[in-house]
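Asker: File name protein.cif; file contents mmCIF, C-alpha atoms and all ligand atoms; full text below.
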data_model
#
loop_
_atom_site.label_atom_id
_atom_site.label_comp_id
_atom_site.auth_asym_id
_atom_site.auth_seq_id
_atom_site.Cartn_x
_atom_site.Cartn_y
_atom_site.Cartn_z
CA MET C 16 20.29 -9.80 10.20
CA ASP C 17 19.28 -13.44 10.45
CA PHE C 18 15.46 -13.75 10.32
CA LYS C 19 15.26 -15.32 13.76
CA ASP C 20 17.17 -12.32 15.14
CA VAL C 21 14.74 -9.98 13.38
CA LEU C 22 11.88 -11.84 15.07
CA LEU C 23 13.50 -11.86 18.49
CA LYS C 24 15.00 -8.37 18.43
CA ARG C 25 12.06 -6.39 17.08
CA ARG C 26 10.47 -4.49 19.95
CA ALA C 27 7.77 -1.88 20.24
CA VAL C 28 10.20 0.89 21.03
CA ASN C 29 8.70 3.51 23.31
CA PHE C 30 11.51 6.04 23.15
CA PHE C 31 12.81 7.37 19.87
CA ASP C 32 15.79 9.62 19.38
CA PRO C 33 14.16 12.75 17.95
CA LYS C 34 17.53 13.98 16.65
CA LYS C 35 18.21 10.93 14.51
CA PRO C 36 16.26 11.06 11.25
CA VAL C 37 15.60 7.99 9.12
CA PRO C 38 16.90 8.60 5.57
CA ASP C 39 14.10 8.64 2.97
CA LYS C 40 16.00 5.91 1.11
CA LEU C 41 15.56 3.54 4.05
CA ILE C 42 11.87 4.37 4.43
CA LYS C 43 11.39 3.60 0.75
CA GLU C 44 13.36 0.37 1.06
CA MET C 45 11.34 -0.84 4.04
CA ILE C 46 8.08 -0.09 2.25
CA GLU C 47 9.23 -1.88 -0.87
CA MET C 48 10.32 -4.88 1.20
CA ALA C 49 7.00 -4.95 3.07
CA ALA C 50 5.13 -4.81 -0.24
CA GLN C 51 6.15 -8.46 -0.61
CA ALA C 52 3.58 -9.34 2.09
CA PRO C 53 0.93 -11.84 0.98
CA SER C 54 -2.66 -10.72 0.48
CA SER C 55 -6.03 -12.16 -0.47
CA PHE C 56 -6.02 -12.66 -4.27
CA ASN C 57 -2.92 -10.44 -4.16
CA LEU C 58 -5.24 -7.43 -3.83
CA GLN C 59 -2.86 -5.54 -1.50
CA PRO C 60 -5.50 -3.29 0.08
CA TRP C 61 -3.00 -1.25 2.07
CA SER C 62 -1.75 2.31 1.86
CA LEU C 63 0.25 4.67 4.03
CA ILE C 64 0.22 8.34 4.89
CA ILE C 65 3.72 9.37 5.98
CA LEU C 66 4.17 12.19 8.49
CA LYS C 67 7.59 13.73 9.04
CA THR C 68 7.22 17.38 9.98
CA PRO C 69 6.84 18.32 13.67
CA GLU C 70 3.56 20.12 12.87
CA GLU C 71 1.95 17.13 11.19
CA LYS C 72 3.13 14.73 13.90
CA MET C 73 1.75 17.02 16.63
CA ARG C 74 -1.60 17.13 14.81
CA LEU C 75 -1.64 13.36 15.03
CA ARG C 76 -0.27 13.10 18.58
CA LYS C 77 -3.17 15.19 19.89
CA LEU C 78 -5.54 12.52 18.58
CA ALA C 79 -3.37 9.59 19.68
CA TRP C 80 -3.68 9.74 23.47
CA ASN C 81 -0.92 12.34 23.41
CA GLN C 82 1.62 9.50 23.13
CA PRO C 83 5.07 11.20 23.06
CA LYS C 84 6.49 8.71 20.54
CA VAL C 85 4.11 10.08 17.89
CA SER C 86 6.03 13.33 17.79
CA GLU C 87 9.43 12.06 18.99
CA ALA C 88 9.81 9.45 16.26
CA PRO C 89 11.18 11.08 13.10
CA VAL C 90 8.57 9.34 10.95
CA VAL C 91 5.04 8.17 11.64
CA PHE C 92 2.87 6.11 9.33
CA ILE C 93 -0.89 6.25 9.31
CA CYS C 94 -1.61 2.73 8.05
CA LEU C 95 -4.71 2.41 5.90
CA ALA C 96 -6.82 -0.61 5.00
CA ASP C 97 -9.05 -0.25 1.96
CA ARG C 98 -12.42 -1.85 2.69
CA THR C 99 -13.37 -1.49 -0.99
CA GLY C 100 -10.14 -3.01 -2.29
CA TRP C 101 -12.01 -6.04 -3.66
CA GLU C 102 -14.84 -4.24 -5.50
CA LYS C 103 -15.69 -4.36 -9.17
CA GLY C 104 -14.36 -1.21 -10.86
CA HIS C 105 -11.69 -0.51 -8.23
CA PRO C 106 -8.58 0.42 -10.29
CA LEU C 107 -6.30 -1.94 -8.34
CA VAL C 108 -8.74 -4.84 -8.65
CA GLU C 109 -8.72 -4.37 -12.39
CA LYS C 110 -4.93 -3.94 -12.46
CA ASN C 111 -4.59 -7.11 -10.39
CA PHE C 112 -6.77 -9.07 -12.79
CA ARG C 113 -4.77 -7.83 -15.79
CA GLU C 114 -1.51 -8.81 -14.06
CA MET C 115 -2.88 -12.29 -13.30
CA VAL C 116 -3.85 -12.73 -16.96
CA LYS C 117 -0.40 -11.50 -18.03
CA ALA C 118 1.27 -13.96 -15.66
CA GLY C 119 -0.89 -16.82 -16.90
CA ALA C 120 -2.56 -17.29 -13.51
CA MET C 121 -6.03 -16.45 -14.92
CA LYS C 122 -7.70 -16.37 -18.28
CA GLU C 123 -9.46 -13.33 -19.73
CA GLU C 124 -12.81 -15.14 -19.59
CA GLN C 125 -12.46 -15.57 -15.81
CA HIS C 126 -12.98 -11.84 -15.19
CA GLU C 127 -16.60 -12.19 -14.10
CA TRP C 128 -15.79 -15.26 -12.01
CA PHE C 129 -12.99 -13.37 -10.26
CA LEU C 130 -15.22 -10.38 -9.44
CA ASN C 131 -17.98 -12.66 -8.17
CA ALA C 132 -15.50 -14.60 -6.04
CA CYS C 133 -14.30 -11.33 -4.46
CA GLN C 134 -17.89 -10.22 -3.90
CA GLY C 135 -18.77 -13.55 -2.26
CA LEU C 136 -15.69 -13.67 -0.06
CA TYR C 137 -15.36 -10.06 1.00
CA GLY C 138 -18.54 -8.20 0.10
CA ALA C 139 -21.31 -10.35 1.52
CA ARG C 140 -21.42 -8.56 4.90
CA PRO C 141 -19.85 -5.32 6.18
CA GLU C 142 -17.73 -7.22 8.71
CA MET C 143 -16.22 -9.26 5.88
CA GLU C 144 -15.10 -6.07 4.15
CA GLN C 145 -13.62 -4.92 7.40
CA ALA C 146 -11.88 -8.25 7.98
CA PHE C 147 -10.55 -8.31 4.41
CA ALA C 148 -9.06 -4.85 4.76
CA CYS C 149 -7.60 -5.21 8.23
CA LYS C 150 -6.14 -8.71 7.99
CA ASN C 151 -4.29 -7.86 4.81
CA ALA C 152 -3.12 -4.47 6.06
CA GLY C 153 -2.05 -6.23 9.27
CA PHE C 154 0.24 -8.56 7.35
CA PHE C 155 1.68 -5.54 5.56
CA ALA C 156 2.20 -3.72 8.85
CA MET C 157 3.98 -6.73 10.34
CA ALA C 158 6.17 -6.95 7.26
CA LEU C 159 6.99 -3.25 7.65
CA MET C 160 8.16 -3.85 11.21
CA PHE C 161 10.32 -6.82 10.25
CA ALA C 162 11.75 -4.98 7.24
CA ALA C 163 12.56 -1.99 9.43
CA LYS C 164 14.34 -4.19 11.98
CA HIS C 165 16.32 -5.85 9.21
CA LEU C 166 17.45 -2.37 8.12
CA GLY C 167 18.38 -1.42 11.69
CA VAL C 168 15.31 0.80 12.18
CA ASP C 169 12.94 0.58 15.15
CA THR C 170 9.16 0.81 15.09
CA HIS C 171 6.16 1.05 17.36
CA PRO C 172 2.63 0.02 16.35
CA MET C 173 -0.24 1.89 18.01
CA ASP C 174 -3.98 1.60 18.17
CA GLY C 175 -4.28 4.11 20.96
CA PHE C 176 -5.87 6.85 18.85
CA ASP C 177 -9.26 8.29 18.06
CA HIS C 178 -10.03 6.58 14.76
CA ASP C 179 -12.76 8.88 13.52
CA ALA C 180 -10.95 12.04 14.62
CA VAL C 181 -7.78 10.97 12.75
CA ARG C 182 -9.86 10.21 9.68
CA LYS C 183 -11.40 13.68 9.83
CA GLU C 184 -8.20 15.58 10.65
CA PHE C 185 -6.24 14.01 7.79
CA GLN C 186 -9.18 13.92 5.36
CA ILE C 187 -9.04 10.16 4.92
CA SER C 188 -11.87 8.87 2.80
CA GLU C 189 -14.55 6.51 4.15
CA ASN C 190 -13.35 3.50 2.17
CA TYR C 191 -10.31 3.28 4.45
CA TRP C 192 -10.17 1.91 7.96
CA ILE C 193 -7.13 2.91 9.99
CA PRO C 194 -5.96 -0.31 11.66
CA LEU C 195 -2.93 1.27 13.31
CA LEU C 196 -0.38 4.03 13.45
CA MET C 197 3.31 3.19 13.36
CA ALA C 198 6.17 5.25 14.76
CA VAL C 199 9.46 4.69 12.93
CA GLY C 200 12.94 5.76 14.01
CA TYR C 201 15.88 4.85 16.19
CA PHE C 202 15.74 3.87 19.84
CA ASP C 203 16.93 6.58 22.18
CA GLY C 204 19.93 4.87 23.78
CA THR C 205 19.77 7.13 26.86
CA LYS C 206 16.49 5.44 27.87
CA THR C 207 15.87 1.92 29.15
CA LEU C 208 13.67 -0.45 27.25
CA LEU C 209 11.60 -2.83 29.38
CA PRO C 210 12.75 -6.46 29.14
CA PRO C 211 11.16 -8.55 26.36
CA LYS C 212 7.48 -9.25 27.08
CA TRP C 213 6.03 -12.66 27.87
CA ARG C 214 4.60 -14.68 25.01
CA LYS C 215 1.97 -17.41 24.90
CA THR C 216 3.44 -20.90 24.87
CA TYR C 217 2.86 -23.51 22.20
CA ASP C 218 0.22 -25.13 24.44
CA GLU C 219 -1.57 -21.84 24.99
CA ILE C 220 -1.66 -21.16 21.27
CA VAL C 221 -2.71 -24.55 19.95
CA LEU C 222 -6.34 -25.25 20.90
CA LYS C 223 -6.55 -28.54 19.08
CA SER C 224 -4.18 -30.65 17.05
CA LEU C 225 -6.41 -33.14 15.28
C1 LIG I 1 -2.01 -3.33 16.83
C2 LIG I 1 -1.16 -2.89 17.98
C3 LIG I 1 -1.50 -1.74 18.66
C4 LIG I 1 -0.71 -1.28 19.71
N1 LIG I 1 -1.02 -0.08 20.30
C5 LIG I 1 -0.17 0.46 21.20
C6 LIG I 1 -0.37 1.78 21.69
O1 LIG I 1 -1.28 2.51 21.28
N2 LIG I 1 0.50 2.25 22.62
C7 LIG I 1 1.55 1.52 23.08
O2 LIG I 1 2.31 2.01 23.91
N3 LIG I 1 1.78 0.27 22.61
C8 LIG I 1 0.96 -0.27 21.68
N4 LIG I 1 1.24 -1.50 21.13
C9 LIG I 1 2.49 -2.18 21.50
C10 LIG I 1 2.25 -3.45 22.32
O3 LIG I 1 1.94 -3.11 23.64
C11 LIG I 1 3.50 -4.34 22.23
O4 LIG I 1 3.71 -4.71 20.88
C12 LIG I 1 3.39 -5.58 23.11
O5 LIG I 1 3.31 -5.23 24.46
C13 LIG I 1 4.56 -6.54 22.92
O6 LIG I 1 5.79 -5.86 23.09
P1 LIG I 1 6.93 -5.92 21.98
O7 LIG I 1 6.32 -5.43 20.70
O8 LIG I 1 8.02 -5.00 22.47
O9 LIG I 1 7.39 -7.33 21.89
C14 LIG I 1 0.44 -2.00 20.10
C15 LIG I 1 0.77 -3.18 19.40
C16 LIG I 1 -0.01 -3.60 18.35
C17 LIG I 1 0.40 -4.84 17.59
#
For this file, produce the structure as structure tokens.
Ligand SMILES: Cc1cc2nc3c(=O)[nH]c(=O)nc-3n(C[C@H](O)[C@H](O)[C@H](O)COP(=O)(O)O)c2cc1C

Answerer:
Amino acid sequence: MDFKDVLLKRRAVNFFDPKKPVPDKLIKEMIEMAAQAPSSFNLQPWSLIILKTPEEKMRLRKLAWNQPKVSEAPVVFICLADRTGWEKGHPLVEKNFREMVKAGAMKEEQHEWFLNACQGLYGARPEMEQAFACKNAGFFAMALMFAAKHLGVDTHPMDGFDHDAVRKEFQISENYWIPLLMAVGYFDGTKTLLPPKWRKTYDEIVLKSL
């Protein structure tokens, strides 16, 4: 699908066909495509918990405003944003540094500089950690939705859920924030989707053009 079509045709699909599963191969492909999303220092502080069984989805639905799509969609992602994904000693921070050295983007002796830069940018205040985690995981989530649409799969992002209760129920550790849930599947063709929603105009978006 042409990228403009992906942009225009992606919708938050309220009604999923519960009888139409999404092959694991496609789920893997959409995740691998979305992994190309950009991130701060390429730190990629995102992870997913994938729910597929009716029991697991019902556990989540109870904590997600009882939204039917949580159990009707064949697959639901709990999207995670790692607030510590910039810290010294974090395995992926170290892996990232090694990869940058390997690629020639950094020199070995810049290790301390790199860690201090991360600390200054993301660790100075708790809200910066939160922003770091959620903005990057947000890009990943958007990429997931576009990748899904490209593969002919529909999605629905949701923040209508009890964050702390979901964390507890699924034993998600404190370093993660849960920016959203995402239902994944195929639109139920027997239902009617509302027409495309309004969008802000160029003039409403651009505050200043200096
Ligand atoms: C972060 C985020 C959270 C959302 N949470 C919910 C939700 O809990 N329940 C719901 O029905 N829709 C939710 N939506 C869907 C939006 O209402 C929808 O994306 C918006 O109205 C635009 O419609 P469209 O995606 O079909 O273009 C959410 C969307 C985003 C991006």

Asker: Distance cut-off 12 Å, centre (6.7, -6.1, 9.0) in file coordinates, counting only C-alpha atoms: which residues qualify? Return them as a VMD selection string.

Answerer: chain C and resid 18 21 to 22 25 to 26 45 to 53 151 to 166 168 to 172 197 199

Asker: Report the distance between atom CA of Pro36 of chain C and atom CA of Lys24 of chain C in Å, rounded to one decimal place.

Answerer: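 These two atoms are separated by 20.8 Å.
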
Asker: Each side padded by 6 Å, which centre and which edge lengths in Å (one decimal) define the axis-aligned box around the listed atoms of ligand LIG 1 (chain I)? Give them as AutoDock Vina command-line options.

Answerer:
--center_x 3.0 --center_y -2.4 --center_z 20.6 --size_x 22.0 --size_y 21.8 --size_z 19.6

Asker: Residues within 6 Å of ligand LIG 1 (chain I), counting all atoms listed in the file: report them as number ranges by chain.

Answerer: C: 26-27, 172-175, 195, 211-212

Asker: Export C-alpha atoms of the chosen residues as an mmCIF file, keeping the file's coordinate frame?

Answerer:
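Once written, again_22.cif looks like this:
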data_model
loop_
_atom_site.group_PDB
_atom_site.id
_atom_site.type_symbol
_atom_site.label_atom_id
_atom_site.label_comp_id
_atom_site.auth_asym_id
_atom_site.auth_seq_id
_atom_site.Cartn_x
_atom_site.Cartn_y
_atom_site.Cartn_z
ATOM 1 C CA ARG C 26 10.470 -4.490 19.950
ATOM 2 C CA ALA C 27 7.770 -1.880 20.240
ATOM 3 C CA PRO C 172 2.630 0.020 16.350
ATOM 4 C CA MET C 173 -0.240 1.890 18.010
ATOM 5 C CA ASP C 174 -3.980 1.600 18.170
ATOM 6 C CA GLY C 175 -4.280 4.110 20.960
ATOM 7 C CA LEU C 195 -2.930 1.270 13.310
ATOM 8 C CA PRO C 211 11.160 -8.550 26.360
ATOM 9 C CA LYS C 212 7.480 -9.250 27.080
#

Asker: Taking 5 positions as the minimum chain separation for residues in the same chain, which residues sit within 12 Å of Glu123 of chain C when counting all atoms listed in the file? Answer as a ChimeraX atom specification.

Answerer: /C:109,112-118,128-129

Asker: Taking N, CA and C atoms as the atom set, what does segment 65-81 of chain C look like once completed, written as a tab-separated table (two decimals), keeping the file's coordinate frame?

Answerer:
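Contents of the output file selection12.tsv:
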chain	number	residue	atom	x	y	z
C	65	ILE	N	2.46	9.22	5.25
C	65	ILE	CA	3.72	9.37	5.98
C	65	ILE	C	3.80	10.78	6.55
C	66	LEU	N	4.02	10.88	7.85
C	66	LEU	CA	4.17	12.19	8.49
C	66	LEU	C	5.62	12.36	8.96
C	67	LYS	N	6.20	13.51	8.63
C	67	LYS	CA	7.59	13.73	9.04
C	67	LYS	C	7.79	15.08	9.73
C	68	THR	N	6.95	16.05	9.40
C	68	THR	CA	7.22	17.38	9.98
C	68	THR	C	6.66	17.42	11.41
C	69	PRO	N	7.31	18.22	12.29
C	69	PRO	CA	6.84	18.32	13.67
C	69	PRO	C	5.37	18.73	13.74
C	70	GLU	N	4.94	19.63	12.84
C	70	GLU	CA	3.56	20.12	12.87
C	70	GLU	C	2.57	18.99	12.60
C	71	GLU	N	2.87	18.22	11.56
C	71	GLU	CA	1.95	17.13	11.19
C	71	GLU	C	1.91	16.07	12.29
C	72	LYS	N	3.08	15.76	12.85
C	72	LYS	CA	3.13	14.73	13.90
C	72	LYS	C	2.39	15.20	15.15
C	73	MET	N	2.48	16.50	15.46
C	73	MET	CA	1.75	17.02	16.63
C	73	MET	C	0.24	16.98	16.39
C	74	ARG	N	-0.16	17.23	15.15
C	74	ARG	CA	-1.60	17.13	14.81
C	74	ARG	C	-2.09	15.73	15.14
C	75	LEU	N	-1.26	14.75	14.80
C	75	LEU	CA	-1.64	13.36	15.03
C	75	LEU	C	-1.55	13.01	16.52
C	76	ARG	N	-0.49	13.45	17.15
C	76	ARG	CA	-0.27	13.10	18.58
C	76	ARG	C	-1.46	13.52	19.44
C	77	LYS	N	-2.02	14.70	19.13
C	77	LYS	CA	-3.17	15.19	19.89
C	77	LYS	C	-4.35	14.23	19.83
C	78	LEU	N	-4.42	13.45	18.76
C	78	LEU	CA	-5.54	12.52	18.58
C	78	LEU	C	-5.14	11.09	18.91
C	79	ALA	N	-3.92	10.93	19.42
C	79	ALA	CA	-3.37	9.59	19.68
C	79	ALA	C	-2.94	9.50	21.15
C	80	TRP	N	-3.90	9.82	22.02
C	80	TRP	CA	-3.68	9.74	23.47
C	80	TRP	C	-2.46	10.54	23.91
C	81	ASN	N	-2.09	11.51	23.11
C	81	ASN	CA	-0.92	12.34	23.41
C	81	ASN	C	0.35	11.49	23.64
